[in-house]
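Below: input.cif (mmCIF, C-alpha atoms)
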```
data_query
#
loop_
_atom_site.label_atom_id
_atom_site.label_comp_id
_atom_site.auth_asym_id
_atom_site.auth_seq_id
_atom_site.Cartn_x
_atom_site.Cartn_y
_atom_site.Cartn_z
CA MET A 158 -21.21 -36.22 -44.60
CA ASN A 159 -22.81 -32.91 -43.76
CA VAL A 160 -21.27 -29.49 -44.27
CA LEU A 161 -20.35 -28.87 -40.63
CA SER A 162 -18.29 -32.01 -40.13
CA PHE A 163 -16.64 -31.43 -43.51
CA LEU A 164 -15.54 -27.97 -42.34
CA ASN A 165 -14.31 -29.43 -39.05
CA LEU A 166 -12.26 -31.92 -41.02
CA VAL A 167 -10.82 -29.08 -43.12
CA ASP A 168 -10.00 -27.19 -39.90
CA LEU A 169 -8.20 -30.21 -38.53
CA LEU A 170 -6.20 -30.56 -41.75
CA VAL A 171 -5.28 -26.88 -41.81
CA CYS A 172 -4.20 -26.98 -38.16
CA ALA A 173 -2.01 -29.96 -39.00
CA VAL A 174 -0.55 -28.04 -41.96
CA VAL A 175 0.18 -25.07 -39.66
CA LEU A 176 2.03 -27.18 -37.10
CA ILE A 177 3.93 -29.23 -39.70
CA ALA A 178 4.98 -26.08 -41.56
CA ALA A 179 6.08 -24.42 -38.32
CA GLY A 180 8.08 -27.54 -37.46
CA GLY A 181 9.63 -27.45 -40.92
CA ALA A 182 10.53 -23.80 -40.41
CA ALA A 183 12.21 -24.74 -37.12
CA LEU A 184 14.08 -27.80 -38.35
CA HIS A 185 15.02 -27.29 -42.00
CA ARG A 186 18.74 -26.60 -42.46
CA ASN A 187 18.33 -24.56 -45.63
CA LEU A 188 17.28 -21.09 -44.51
CA LEU A 189 15.38 -20.35 -47.75
CA SER A 190 13.25 -23.47 -47.23
CA ALA A 191 12.71 -22.53 -43.58
CA VAL A 192 11.48 -19.07 -44.61
CA VAL A 193 9.09 -20.57 -47.15
CA PHE A 194 7.82 -23.02 -44.51
CA ALA A 195 7.15 -20.07 -42.17
CA GLY A 196 5.24 -18.31 -44.98
CA VAL A 197 3.10 -21.43 -45.55
CA ALA A 198 2.33 -21.59 -41.82
CA SER A 199 1.32 -17.93 -41.88
CA LEU A 200 -0.96 -18.42 -44.89
CA ALA A 201 -2.65 -21.42 -43.25
CA VAL A 202 -3.12 -19.39 -40.05
CA SER A 203 -4.85 -16.71 -42.13
CA PHE A 204 -7.32 -19.40 -43.24
CA LEU A 205 -7.88 -20.24 -39.56
CA PHE A 206 -8.59 -16.55 -38.87
CA LEU A 207 -11.23 -16.67 -41.60
CA ARG A 208 -12.79 -19.71 -39.90
CA LEU A 209 -12.71 -17.81 -36.58
CA ALA A 210 -15.04 -15.16 -38.11
CA ALA A 211 -12.25 -12.59 -38.38
CA PRO A 212 -12.03 -11.56 -42.07
CA ASP A 213 -10.13 -8.35 -41.27
CA VAL A 214 -7.43 -10.21 -39.39
CA ALA A 215 -7.29 -12.88 -42.11
CA MET A 216 -6.64 -10.20 -44.75
CA THR A 217 -3.94 -8.59 -42.64
CA GLU A 218 -2.25 -11.92 -41.94
CA ALA A 219 -2.32 -12.92 -45.61
CA ALA A 220 -1.05 -9.56 -46.90
CA ILE A 221 1.48 -8.73 -44.18
CA GLY A 222 2.29 -11.95 -42.33
CA ALA A 223 2.48 -14.25 -45.33
CA GLY A 224 3.42 -11.68 -47.99
CA LEU A 225 5.63 -8.82 -46.87
CA SER A 226 7.17 -10.66 -43.92
CA THR A 227 8.31 -13.55 -46.16
CA VAL A 228 9.78 -11.07 -48.64
CA ILE A 229 11.72 -9.31 -45.88
CA PHE A 230 13.06 -12.67 -44.65
CA LEU A 231 14.06 -13.65 -48.20
CA ILE A 232 15.95 -10.36 -48.62
CA ALA A 233 17.76 -10.95 -45.32
CA VAL A 234 18.68 -14.55 -46.26
CA ARG A 235 19.96 -13.41 -49.65
CA ARG A 236 22.02 -10.75 -47.92
CA THR A 237 23.62 -13.19 -45.48
CA GLN A 238 23.99 -16.94 -46.03
CA GLU A 239 21.62 -19.66 -47.15
CA THR A 240 22.51 -22.59 -44.92
CA GLU A 241 22.57 -22.99 -41.20
CA GLU A 242 25.76 -24.01 -39.39
CA GLU A 243 25.95 -27.51 -37.90
CA ASP A 244 25.11 -27.70 -34.22
CA ARG A 245 28.03 -28.51 -31.98
CA MET B 213 22.23 -30.31 -22.15
CA LYS B 214 21.14 -26.67 -22.23
CA GLN B 215 18.86 -27.51 -25.13
CA ILE B 216 17.16 -30.32 -23.22
CA VAL B 217 16.62 -28.04 -20.21
CA SER B 218 15.09 -25.25 -22.29
CA PHE B 219 12.95 -27.76 -24.19
CA LEU B 220 11.62 -29.18 -20.92
CA ALA B 221 10.96 -25.70 -19.53
CA LEU B 222 9.00 -24.77 -22.67
CA ALA B 223 7.04 -28.02 -22.56
CA THR B 224 6.09 -27.26 -18.96
CA LEU B 225 5.03 -23.78 -20.02
CA ALA B 226 2.86 -25.19 -22.82
CA VAL B 227 1.15 -27.67 -20.46
CA LEU B 228 0.56 -24.91 -17.89
CA LEU B 229 -0.92 -22.60 -20.54
CA TRP B 230 -3.15 -25.38 -21.81
CA ASN B 231 -4.47 -25.94 -18.29
CA LEU B 232 -4.86 -22.21 -17.69
CA ALA B 233 -6.75 -21.58 -20.93
CA PRO B 234 -10.23 -22.61 -19.64
CA ILE B 235 -9.95 -20.05 -16.81
CA ALA B 236 -9.28 -17.24 -19.27
CA MET B 237 -11.97 -18.46 -21.66
CA PRO B 238 -14.92 -16.04 -21.67
CA SER B 239 -18.36 -17.48 -22.25
CA ASP B 240 -19.86 -14.30 -23.73
CA LEU B 241 -18.92 -10.76 -24.74
CA GLY B 242 -17.55 -8.60 -21.96
CA PRO B 243 -19.38 -5.38 -21.00
CA VAL B 244 -17.15 -3.14 -23.14
CA ALA B 245 -17.38 -5.40 -26.18
CA SER B 246 -21.16 -5.70 -25.91
CA HIS B 247 -21.41 -1.90 -25.79
CA TYR B 248 -19.32 -1.69 -28.98
CA VAL B 249 -21.47 -4.33 -30.66
CA SER B 250 -24.87 -2.95 -29.65
CA HIS B 251 -24.15 0.79 -29.95
CA GLY B 252 -21.41 0.84 -32.59
CA LEU B 253 -23.87 1.02 -35.46
CA GLN B 254 -25.74 4.02 -34.04
CA GLU B 255 -22.64 5.84 -32.88
CA ASN B 256 -20.43 5.42 -35.93
CA ARG B 257 -22.79 4.43 -38.76
CA GLY B 258 -20.21 1.97 -40.12
CA SER B 259 -20.93 -1.64 -40.99
CA ASN B 260 -17.54 -3.00 -40.01
CA LEU B 261 -17.35 -3.02 -36.23
CA VAL B 262 -13.67 -3.95 -36.22
CA THR B 263 -12.94 -0.74 -38.12
CA SER B 264 -15.05 1.22 -35.63
CA VAL B 265 -13.02 -0.24 -32.77
CA VAL B 266 -9.64 0.24 -34.47
CA VAL B 267 -10.18 3.80 -35.71
CA ASN B 268 -12.65 5.27 -33.25
CA TYR B 269 -13.08 3.52 -29.90
CA ARG B 270 -9.43 2.45 -29.66
CA GLY B 271 -8.12 5.13 -32.02
CA PHE B 272 -5.55 6.26 -29.52
CA ASP B 273 -4.01 2.76 -29.48
CA THR B 274 -3.87 2.83 -33.26
CA LEU B 275 -2.07 6.18 -33.15
CA GLY B 276 0.51 4.59 -30.85
CA GLU B 277 0.71 1.59 -33.16
CA VAL B 278 1.51 3.63 -36.29
CA THR B 279 4.12 5.42 -34.18
CA VAL B 280 5.71 2.05 -33.31
CA LEU B 281 5.73 1.12 -36.99
CA PHE B 282 7.33 4.48 -37.84
CA LEU B 283 9.98 3.96 -35.15
CA SER B 284 10.83 0.45 -36.30
CA VAL B 285 11.10 1.54 -39.95
CA SER B 286 13.35 4.45 -39.00
CA GLY B 287 15.35 2.00 -36.88
CA VAL B 288 15.84 -0.23 -39.94
CA GLY B 289 16.86 2.81 -41.96
CA PHE B 290 19.35 3.80 -39.27
CA VAL B 291 20.89 0.34 -38.86
CA LEU B 292 21.17 -0.24 -42.61
CA ARG B 293 22.15 3.30 -43.56
CA ARG B 294 24.29 3.53 -46.64
CA ARG B 295 27.89 4.48 -46.09
CA SER B 296 29.03 7.25 -48.38
CA GLY B 297 31.44 6.65 -51.25
CA LEU B 298 30.21 3.13 -51.89
CA LYS B 299 29.17 2.52 -55.44
CA VAL B 300 25.94 0.62 -55.91
CA HIS B 301 26.47 -2.81 -57.43
CA ARG B 302 24.86 -3.22 -60.85
CA GLN B 303 22.43 -6.13 -60.92
CA ARG B 304 21.72 -8.52 -63.73
CA PRO B 305 18.55 -7.00 -65.24
CA ALA B 306 15.26 -8.80 -64.61
CA SER B 307 13.77 -10.84 -67.45
CA GLU B 308 11.36 -9.36 -69.98
CA ILE B 309 8.40 -11.25 -68.52
CA ILE B 310 8.95 -9.86 -65.02
CA THR B 311 9.50 -6.31 -66.27
CA THR B 312 6.41 -6.26 -68.47
CA GLY B 313 4.26 -8.04 -65.92
CA ALA B 314 5.29 -5.70 -63.14
CA ARG B 315 4.59 -2.64 -65.26
CA MET B 316 1.16 -3.99 -66.18
CA LEU B 317 0.27 -4.98 -62.63
CA PHE B 318 1.57 -1.90 -60.81
CA ALA B 319 -1.37 0.44 -61.44
CA PRO B 320 -4.14 -2.15 -60.79
CA THR B 321 -2.40 -3.23 -57.57
CA VAL B 322 -2.17 0.34 -56.27
CA LEU B 323 -5.82 0.84 -57.25
CA PHE B 324 -6.81 -2.34 -55.40
CA GLY B 325 -4.95 -1.20 -52.30
CA ALA B 326 -6.68 2.18 -52.45
CA TYR B 327 -10.02 0.39 -52.87
CA ILE B 328 -9.33 -1.67 -49.76
CA PHE B 329 -8.51 1.28 -47.56
CA VAL B 330 -11.25 3.56 -48.90
CA HIS B 331 -13.90 0.90 -48.15
CA GLY B 332 -12.51 0.05 -44.71
CA HIS B 333 -15.68 1.09 -42.86
CA LEU B 334 -17.98 -1.00 -45.09
CA THR B 335 -16.18 -4.24 -45.94
CA PRO B 336 -13.36 -6.28 -44.39
CA GLY B 337 -10.09 -4.49 -44.88
CA GLY B 338 -8.79 -1.04 -44.17
CA GLY B 339 -5.71 1.09 -43.90
CA PHE B 340 -3.30 -1.61 -42.77
CA GLN B 341 -4.28 -4.18 -45.38
CA GLY B 342 -4.55 -1.60 -48.17
CA GLY B 343 -1.21 -0.10 -47.19
CA ALA B 344 0.40 -3.54 -47.39
CA VAL B 345 -1.09 -4.08 -50.87
CA VAL B 346 0.26 -0.69 -52.03
CA ALA B 347 3.68 -1.61 -50.64
CA SER B 348 3.59 -4.91 -52.53
CA ALA B 349 2.93 -2.92 -55.73
CA VAL B 350 6.09 -0.95 -54.99
CA LEU B 351 7.86 -4.29 -54.39
CA LEU B 352 6.83 -5.33 -57.93
CA LEU B 353 8.52 -2.21 -59.32
CA ILE B 354 11.66 -2.88 -57.28
CA LEU B 355 11.75 -6.49 -58.55
CA ALA B 356 11.41 -5.35 -62.16
CA ASP B 357 14.05 -2.65 -61.96
CA ARG B 358 16.68 -3.14 -59.26
CA ASP B 359 18.31 0.22 -59.92
CA LEU B 360 15.05 1.97 -59.18
CA VAL B 361 15.44 4.86 -56.75
CA LEU B 362 12.25 5.64 -54.90
CA PRO B 363 11.44 9.33 -54.32
CA HIS B 364 12.41 9.29 -50.65
CA ALA B 365 11.59 12.94 -50.03
CA ALA B 366 8.07 12.51 -51.41
CA LEU B 367 7.56 9.30 -49.41
CA GLY B 368 8.75 11.06 -46.27
CA TRP B 369 6.38 13.98 -46.84
CA LEU B 370 3.45 11.64 -47.55
CA GLU B 371 4.18 9.68 -44.38
CA SER B 372 4.60 12.79 -42.21
CA LEU B 373 1.54 14.57 -43.60
CA SER B 374 -0.73 11.57 -43.13
CA GLY B 375 0.51 11.07 -39.57
CA PHE B 376 -0.03 14.77 -38.93
CA GLY B 377 -3.54 14.51 -40.41
CA PHE B 378 -4.35 11.64 -38.02
CA VAL B 379 -3.30 13.72 -34.99
CA LEU B 380 -5.08 16.78 -36.42
CA ALA B 381 -8.34 14.82 -36.76
CA GLY B 382 -8.00 13.77 -33.14
CA VAL B 383 -7.37 17.34 -31.98
CA VAL B 384 -10.34 18.62 -34.00
CA GLY B 385 -12.50 16.07 -32.17
CA LEU B 386 -11.06 17.30 -28.88
CA VAL B 387 -11.94 20.90 -29.71
CA VAL B 388 -15.37 20.28 -31.25
CA SER B 389 -16.87 17.67 -28.96
CA GLY B 390 -14.53 17.36 -26.02
CA SER B 391 -12.75 14.04 -26.56
CA PHE B 392 -9.74 13.03 -28.64
CA LEU B 393 -10.76 11.40 -31.95
CA ALA B 394 -14.48 11.98 -31.26
CA ASN B 395 -16.68 11.07 -34.21
CA HIS B 396 -19.71 13.32 -33.76
CA GLY B 397 -20.16 16.92 -34.77
CA ILE B 398 -17.18 17.06 -37.17
CA ILE B 399 -18.38 15.41 -40.38
CA PRO B 400 -22.04 14.36 -40.73
CA LEU B 401 -22.39 10.62 -40.19
CA GLY B 402 -24.34 10.22 -43.43
CA THR B 403 -26.39 7.29 -44.68
CA TRP B 404 -25.50 3.78 -43.61
CA ASN B 405 -23.61 1.66 -46.15
CA ARG B 406 -22.63 4.59 -48.41
CA LEU B 407 -19.01 5.30 -49.26
CA LEU B 408 -19.20 8.77 -47.72
CA SER B 409 -20.55 7.80 -44.33
CA ALA B 410 -19.36 6.92 -40.83
CA GLY B 411 -18.07 10.46 -40.24
CA ILE B 412 -14.35 10.72 -39.66
CA ILE B 413 -13.57 6.97 -39.83
CA PRO B 414 -12.89 6.69 -43.60
CA VAL B 415 -10.80 9.88 -43.52
CA ILE B 416 -8.56 8.51 -40.77
CA TYR B 417 -8.36 5.06 -42.36
CA VAL B 418 -7.26 6.56 -45.70
CA LEU B 419 -4.58 8.50 -43.82
CA ILE B 420 -3.48 5.29 -42.04
CA GLY B 421 -3.40 3.51 -45.41
CA LEU B 422 -1.15 6.17 -46.93
CA LYS B 423 1.11 6.17 -43.87
CA VAL B 424 1.44 2.38 -43.66
CA GLY B 425 1.90 2.08 -47.43
CA SER B 426 4.68 4.66 -47.59
CA GLU B 427 6.40 3.25 -44.50
CA LEU B 428 6.37 -0.34 -45.75
CA ALA B 429 7.52 0.78 -49.23
CA ALA B 430 10.43 2.67 -47.67
CA LEU B 431 11.22 -0.40 -45.52
CA LEU B 432 11.36 -2.70 -48.56
CA ASP B 433 13.49 -0.18 -50.46
CA VAL B 434 16.00 0.17 -47.61
CA MET B 435 16.31 -3.61 -47.15
CA VAL B 436 16.68 -4.39 -50.88
CA HIS B 437 19.36 -1.75 -51.33
CA ALA B 438 21.22 -2.90 -48.23
CA ALA B 439 21.27 -6.34 -49.86
CA ASP B 440 22.73 -4.83 -53.04
CA GLU B 441 25.40 -3.09 -51.03
CA GLY B 442 26.34 -6.37 -49.36
CA GLU B 443 26.92 -8.03 -52.70
CA ALA B 444 29.07 -5.12 -53.73
CA HIS B 445 31.29 -5.88 -50.71
CA SER B 446 31.88 -9.55 -51.39
CA MET C 195 -12.91 -26.93 -21.91
CA MET C 196 -16.09 -27.02 -23.91
CA ALA C 197 -16.04 -23.72 -25.73
CA GLY C 198 -15.58 -25.31 -29.15
CA ASN C 199 -12.29 -23.59 -29.83
CA GLU C 200 -9.96 -26.23 -28.35
CA LEU C 201 -8.51 -27.02 -31.78
CA TYR C 202 -7.52 -23.39 -32.41
CA VAL C 203 -6.18 -22.87 -28.88
CA ALA C 204 -4.12 -26.05 -29.17
CA THR C 205 -2.74 -24.96 -32.56
CA ALA C 206 -1.90 -21.52 -31.16
CA LEU C 207 -0.11 -23.02 -28.14
CA GLY C 208 1.74 -25.37 -30.48
CA LEU C 209 2.90 -22.42 -32.60
CA ILE C 210 4.06 -20.53 -29.49
CA PHE C 211 5.90 -23.63 -28.28
CA ILE C 212 7.61 -24.30 -31.63
CA GLY C 213 8.54 -20.62 -31.99
CA LEU C 214 10.04 -20.25 -28.52
CA ALA C 215 11.81 -23.62 -28.83
CA THR C 216 13.40 -22.38 -32.07
CA VAL C 217 14.48 -19.17 -30.34
CA THR C 218 16.09 -20.95 -27.39
CA ILE C 219 17.62 -24.00 -29.09
CA LYS C 220 18.84 -22.77 -32.48
CA ARG C 221 22.09 -20.85 -32.79
CA ASN C 222 21.46 -19.34 -36.21
CA LEU C 223 20.25 -15.75 -35.94
CA ILE C 224 17.82 -15.90 -38.87
CA LYS C 225 16.36 -19.11 -37.42
CA MET C 226 15.85 -17.27 -34.14
CA VAL C 227 14.03 -14.42 -35.91
CA ILE C 228 11.85 -16.99 -37.72
CA GLY C 229 11.08 -18.47 -34.30
CA PHE C 230 10.01 -15.09 -32.94
CA SER C 231 7.80 -14.59 -35.99
CA VAL C 232 6.16 -18.02 -35.58
CA ALA C 233 5.54 -17.41 -31.85
CA ASP C 234 4.06 -14.01 -32.73
CA THR C 235 1.62 -15.66 -35.14
CA GLY C 236 0.71 -18.16 -32.42
CA VAL C 237 -0.04 -15.42 -29.89
CA ASN C 238 -2.24 -13.62 -32.43
CA LEU C 239 -4.13 -16.84 -33.17
CA LEU C 240 -4.59 -17.46 -29.43
CA ILE C 241 -6.06 -13.97 -28.83
CA VAL C 242 -8.50 -14.25 -31.73
CA ALA C 243 -9.49 -17.79 -30.68
CA LEU C 244 -10.29 -16.55 -27.15
CA GLY C 245 -12.68 -13.93 -28.59
CA TRP C 246 -14.51 -16.44 -30.76
CA PHE C 247 -17.79 -18.15 -29.89
CA PRO C 248 -19.34 -20.98 -31.91
CA ASN C 249 -22.20 -20.24 -34.30
CA ARG C 250 -21.65 -16.49 -34.33
CA THR C 251 -20.93 -14.31 -37.36
CA ALA C 252 -18.14 -11.87 -38.14
CA PRO C 253 -18.49 -8.37 -36.60
CA ILE C 254 -19.82 -6.81 -39.79
CA ILE C 255 -23.45 -5.63 -39.71
CA ASP C 256 -25.29 -5.93 -43.01
CA ASP C 257 -28.89 -5.08 -42.10
CA PRO C 258 -29.98 -1.42 -42.30
CA SER C 259 -33.19 -2.03 -40.32
CA LEU C 260 -30.99 -2.52 -37.24
CA LEU C 261 -30.36 1.23 -37.16
CA SER C 262 -33.91 1.97 -36.02
CA ASP C 263 -34.94 -1.30 -34.39
CA ARG C 264 -33.24 -1.60 -30.99
CA ALA C 265 -34.88 -4.95 -30.10
CA THR C 266 -33.61 -6.72 -33.22
CA LEU C 267 -30.22 -5.16 -32.66
CA ALA C 268 -30.03 -6.61 -29.16
CA VAL C 269 -30.81 -10.07 -30.55
CA ARG C 270 -28.33 -9.67 -33.39
CA SER C 271 -25.55 -8.41 -31.16
CA ALA C 272 -25.74 -11.69 -29.25
CA ALA C 273 -24.87 -13.44 -32.51
CA ILE C 274 -21.60 -11.60 -33.22
CA VAL C 275 -18.07 -12.54 -32.11
CA ASP C 276 -15.99 -10.16 -30.00
CA PRO C 277 -14.56 -7.35 -32.21
CA VAL C 278 -12.02 -6.08 -29.65
CA PRO C 279 -9.45 -8.95 -29.85
CA GLN C 280 -9.69 -8.79 -33.64
CA ALA C 281 -8.92 -5.06 -33.62
CA LEU C 282 -5.96 -5.58 -31.27
CA VAL C 283 -4.57 -8.45 -33.36
CA LEU C 284 -4.98 -6.37 -36.53
CA THR C 285 -2.52 -3.81 -35.18
CA ALA C 286 -0.33 -6.46 -33.52
CA ILE C 287 0.36 -8.14 -36.88
CA VAL C 288 1.57 -4.85 -38.37
CA ILE C 289 3.76 -4.15 -35.33
CA GLY C 290 5.07 -7.72 -35.66
CA VAL C 291 6.35 -7.19 -39.19
CA GLY C 292 7.99 -3.90 -38.12
CA VAL C 293 9.78 -5.59 -35.22
CA THR C 294 10.79 -8.53 -37.43
CA ALA C 295 12.27 -6.13 -39.98
CA LEU C 296 14.24 -4.36 -37.23
CA MET C 297 15.62 -7.69 -35.94
CA LEU C 298 16.59 -8.71 -39.48
CA ALA C 299 18.29 -5.34 -40.02
CA TYR C 300 20.45 -6.01 -36.95
CA VAL C 301 21.15 -9.53 -38.26
CA ILE C 302 22.27 -8.11 -41.62
CA ARG C 303 24.51 -5.54 -39.89
CA LEU C 304 26.01 -8.19 -37.59
CA TYR C 305 26.74 -10.44 -40.55
CA ALA C 306 28.40 -7.54 -42.37
CA THR C 307 30.75 -6.89 -39.43
CA GLU C 308 31.33 -10.44 -38.08
CA GLY C 309 30.78 -12.60 -41.16
CA SER C 310 28.76 -15.18 -39.26
CA LEU C 311 25.20 -15.92 -38.21
CA ASP C 312 26.16 -18.14 -35.26
CA VAL C 313 24.92 -16.46 -32.10
CA SER C 314 27.46 -18.31 -29.90
CA ARG C 315 30.27 -16.44 -31.66
CA PHE C 316 28.99 -13.07 -30.55
CA GLY C 317 30.53 -13.19 -27.08
CA ARG C 318 31.79 -9.65 -27.00
CA MET C 319 28.76 -8.28 -25.23
CA LYS C 320 28.86 -11.04 -22.58
CA TRP C 321 30.13 -10.44 -19.09
#
```
Would you mind giving the structure from this file in C-alpha cells?
Amino acid sequence: MNVLSFLNLVDLLVCAVVLIAAGGAALHRNLLSAVVFAGVASLAVSFLFLRLAAPDVAMTEAAIGAGLSTVIFLIAVRRTQETEEEDR
Amino acid sequence: MKQIVSFLALATLAVLLWNLAPIAMPSDLGPVASHYVSHGLQENRGSNLVTSVVVNYRGFDTLGEVTVLFLSVSGVGFVLRRRSGLKVHRQRPASEIITTGARMLFAPTVLFGAYIFVHGHLTPGGGFQGGAVVASAVLLLILADRDLVLPHAALGWLESLSGFGFVLAGVVGLVVSGSFLANHGIIPLGTWNRLLSAGIIPVIYVLIGLKVGSELAALLDVMVHAADEGEAHS
Amino acid sequence: MMAGNELYVATALGLIFIGLATVTIKRNLIKMVIGFSVADTGVNLLIVALGWFPNRTAPIIDDPSLLSDRATLAVRSAAIVDPVPQALVLTAIVIGVGVTALMLAYVIRLYATEGSLDVSRFGRMKW
C-alpha cells in the first residue's frame, strides 16, 4: 500500500470519527458526555484542516475550538445540570 | 411531528447543498487570491501568506473581528455580572498534584503562547492561536486556585491599549502612505525570514495576541466565578 | 464533482446537518448551543475545503530565491492553496467561541432565574 492511499484511508477514518462524534454530541443524554463528544469532533476536524493544507486554521481549531470552547461548555454544564430532560 | 418536519426540511437542505457544491467549486485561485499569492512575498516580506492576508490585506476585517470578540466578552460579563452582597462560595482546594503542576506549567505555557504570536509572520500561528494558549495558561492558574482573583484593571488596560495600538498602526499607515493599515514606509520591511521583518505585521499580530489573550482570560474568569456563585445559591 | 475534496465537503455538510438538526429537534438549551457549535465547525470546514486544490502546499513560502526570481514565483504560486478562505476561517473560529460563550452566558442566567434548561418552558416571550 503506498503512502497516498494510506493517507486517504486515514482521511476516511477521521471523517467517520468526526461524524460519529458529532452524532454522539447530538444524541447522548448526559450533557458532559455530549460536550466531550463535541470536543472530539472539533479535534478531528482540526486534523482535517491540517490535511487540507491549512496549518494556521488547524492550530486555531485545536487551541480554541477543541480547547477553550470545551472548557466553556464544561463550566456551563457544571453551573446548570448534567442530564437532559426526557423528550415528551 | 414537528421534529419529523424539521428533520425532513434539513435533509432537503443538505441534498440541495450537496448538489449546489460543484457550482461553487472553483478550479483555480481567483484573481484576488492569485495577486496575494504572487505579490504577497514582495509586498510584505513575510513567509506566511495567511498572516499577510489576515493582518495586512484584510486587516480591516480583523479589526472588526477583534471588536466582535470584545463585544461578546463584554456581553458575557454583563449577563453574568456579580450581584453585590453575595459572598463567594469557598471551594474544596485543588489537589497537590494539580497545584504544583499548574505552577510549573504556567510560565512555559505563557512563553509558548508569546512564541506563537511573535513568530506569526514566519511560521503557522499568530495572535489568535497564541492568545488562546496564553488564556489556557491563565485557566491552569484558575484550576489550581479557585479563589484566585485576576487583576481585572490590568487586564482591561492591556486589552484597551493593544486595541488602541492596532487602530493607531492603521492610522499611521493612513497618514504615511495614504491607506489604512498600509505596510510600506512605516517600518523597514527587513530581511526575509528574520524575526524583525515584514514591517508592521509582527507588531500588529503581537497586539492582537495580547488583546485576544486578555479577553479570553477575562471570559474564563467571569464564567468560572459565575459558576461559583451558582453553587453558593443552591 | 471531481475536485478531489468530495470527502471533506460531505463531512462538512454532515456536520452542518447534524448541528442544525440538534438545534431544531432538541429542547435542552445546552444541547442547542452544542448544535450551533457543531454547525459552525461544519461551515468552517466547508469554506476551507472549497479553497483547497489537490497536490498543492500550504500558503507558507520557504524559498528566499523567490524574492528576486519572478518566473519561479509564478510557477510556485500555482502550487499553493487559496490563503483567503483560511484567513477568513481563522477569524471565524475566534468569533465562534465568543458567540458560543455569549449563548452559554444567557443559558446560565436563564437557568438561574427559571431553574430549567427546557426551552419549551420559556413561553413568556411568545406571542
Applied to the shown file, which residues does the PyMOL selection byres ((chain B) within 10 of (chain A)) return, written as a PyMOL selection string?
chain B and resi 260+262-263+332+335-345+347-348+351+428+431-432+435-443
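The space between atom CA of B:Gly325 and atom CA of A:Ala201 spans 22.3 Å.
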Contacts from chain C to chain B, 6 Å maximum, only C-alpha atoms: show me the residue list as a PyMOL selection string.
chain C and resi 195+219+253-255+271+277+281+289+292+296+299
So which residues get picked by the PyMOL selection byres ((chain C) within 8 of (chain A)) here, written as a ChimeraX atom specification?
/C:201-202,205,208-209,212-213,216,221-222,224-225,228-229,232,235,239,242-243,246,250-253,275,280-281,283-284,287-288,291,294-295,298-299,301-302,305,311-312
What does the PyMOL selection byres ((chain B and resi 407) around 8) select in this file, as a ChimeraX atom specification?
/B:330-331,334,405-406,408-409
My structure is short of atoms at stretch 200-204 of chain C; please model all heavy atoms there, returning them as a PDB file, in the coordinates of the input.
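Writing the result to rebuild.pdb gives the following:
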```pdb
ATOM      1  N   GLU C 200     -11.144 -25.526 -28.837  1.00  0.00           N
ATOM      2  CA  GLU C 200      -9.960 -26.230 -28.350  1.00  0.00           C
ATOM      3  C   GLU C 200      -8.925 -26.414 -29.452  1.00  0.00           C
ATOM      4  O   GLU C 200      -7.726 -26.252 -29.220  1.00  0.00           O
ATOM      5  CB  GLU C 200     -10.334 -27.622 -27.827  1.00  0.00           C
ATOM      6  CG  GLU C 200     -11.313 -27.641 -26.672  1.00  0.00           C
ATOM      7  CD  GLU C 200     -12.736 -27.681 -27.157  1.00  0.00           C
ATOM      8  OE1 GLU C 200     -12.959 -27.506 -28.369  1.00  0.00           O
ATOM      9  OE2 GLU C 200     -13.627 -27.897 -26.324  1.00  0.00           O
ATOM     10  N   LEU C 201      -9.419 -26.738 -30.667  1.00  0.00           N
ATOM     11  CA  LEU C 201      -8.510 -27.020 -31.780  1.00  0.00           C
ATOM     12  C   LEU C 201      -7.635 -25.798 -32.058  1.00  0.00           C
ATOM     13  O   LEU C 201      -6.407 -25.896 -32.191  1.00  0.00           O
ATOM     14  CB  LEU C 201      -9.333 -27.388 -33.008  1.00  0.00           C
ATOM     15  CG  LEU C 201      -8.547 -27.715 -34.262  1.00  0.00           C
ATOM     16  CD1 LEU C 201      -7.679 -28.927 -34.015  1.00  0.00           C
ATOM     17  CD2 LEU C 201      -9.477 -27.966 -35.415  1.00  0.00           C
ATOM     18  N   TYR C 202      -8.268 -24.613 -32.084  1.00  0.00           N
ATOM     19  CA  TYR C 202      -7.520 -23.390 -32.410  1.00  0.00           C
ATOM     20  C   TYR C 202      -6.565 -23.035 -31.282  1.00  0.00           C
ATOM     21  O   TYR C 202      -5.422 -22.633 -31.526  1.00  0.00           O
ATOM     22  CB  TYR C 202      -8.493 -22.238 -32.673  1.00  0.00           C
ATOM     23  CG  TYR C 202      -9.525 -22.559 -33.708  1.00  0.00           C
ATOM     24  CD1 TYR C 202     -10.849 -22.782 -33.368  1.00  0.00           C
ATOM     25  CD2 TYR C 202      -9.158 -22.664 -35.033  1.00  0.00           C
ATOM     26  CE1 TYR C 202     -11.793 -23.087 -34.316  1.00  0.00           C
ATOM     27  CE2 TYR C 202     -10.091 -22.976 -35.999  1.00  0.00           C
ATOM     28  CZ  TYR C 202     -11.409 -23.189 -35.632  1.00  0.00           C
ATOM     29  OH  TYR C 202     -12.319 -23.503 -36.578  1.00  0.00           O
ATOM     30  N   VAL C 203      -7.057 -23.181 -30.009  1.00  0.00           N
ATOM     31  CA  VAL C 203      -6.180 -22.870 -28.880  1.00  0.00           C
ATOM     32  C   VAL C 203      -4.973 -23.803 -28.868  1.00  0.00           C
ATOM     33  O   VAL C 203      -3.833 -23.373 -28.647  1.00  0.00           O
ATOM     34  CB  VAL C 203      -6.971 -22.953 -27.554  1.00  0.00           C
ATOM     35  CG1 VAL C 203      -6.040 -22.822 -26.371  1.00  0.00           C
ATOM     36  CG2 VAL C 203      -8.004 -21.859 -27.495  1.00  0.00           C
ATOM     37  N   ALA C 204      -5.234 -25.098 -29.164  1.00  0.00           N
ATOM     38  CA  ALA C 204      -4.120 -26.050 -29.170  1.00  0.00           C
ATOM     39  C   ALA C 204      -3.126 -25.702 -30.281  1.00  0.00           C
ATOM     40  O   ALA C 204      -1.907 -25.744 -30.070  1.00  0.00           O
ATOM     41  CB  ALA C 204      -4.662 -27.463 -29.367  1.00  0.00           C
TER      42      ALA C 204
END
```
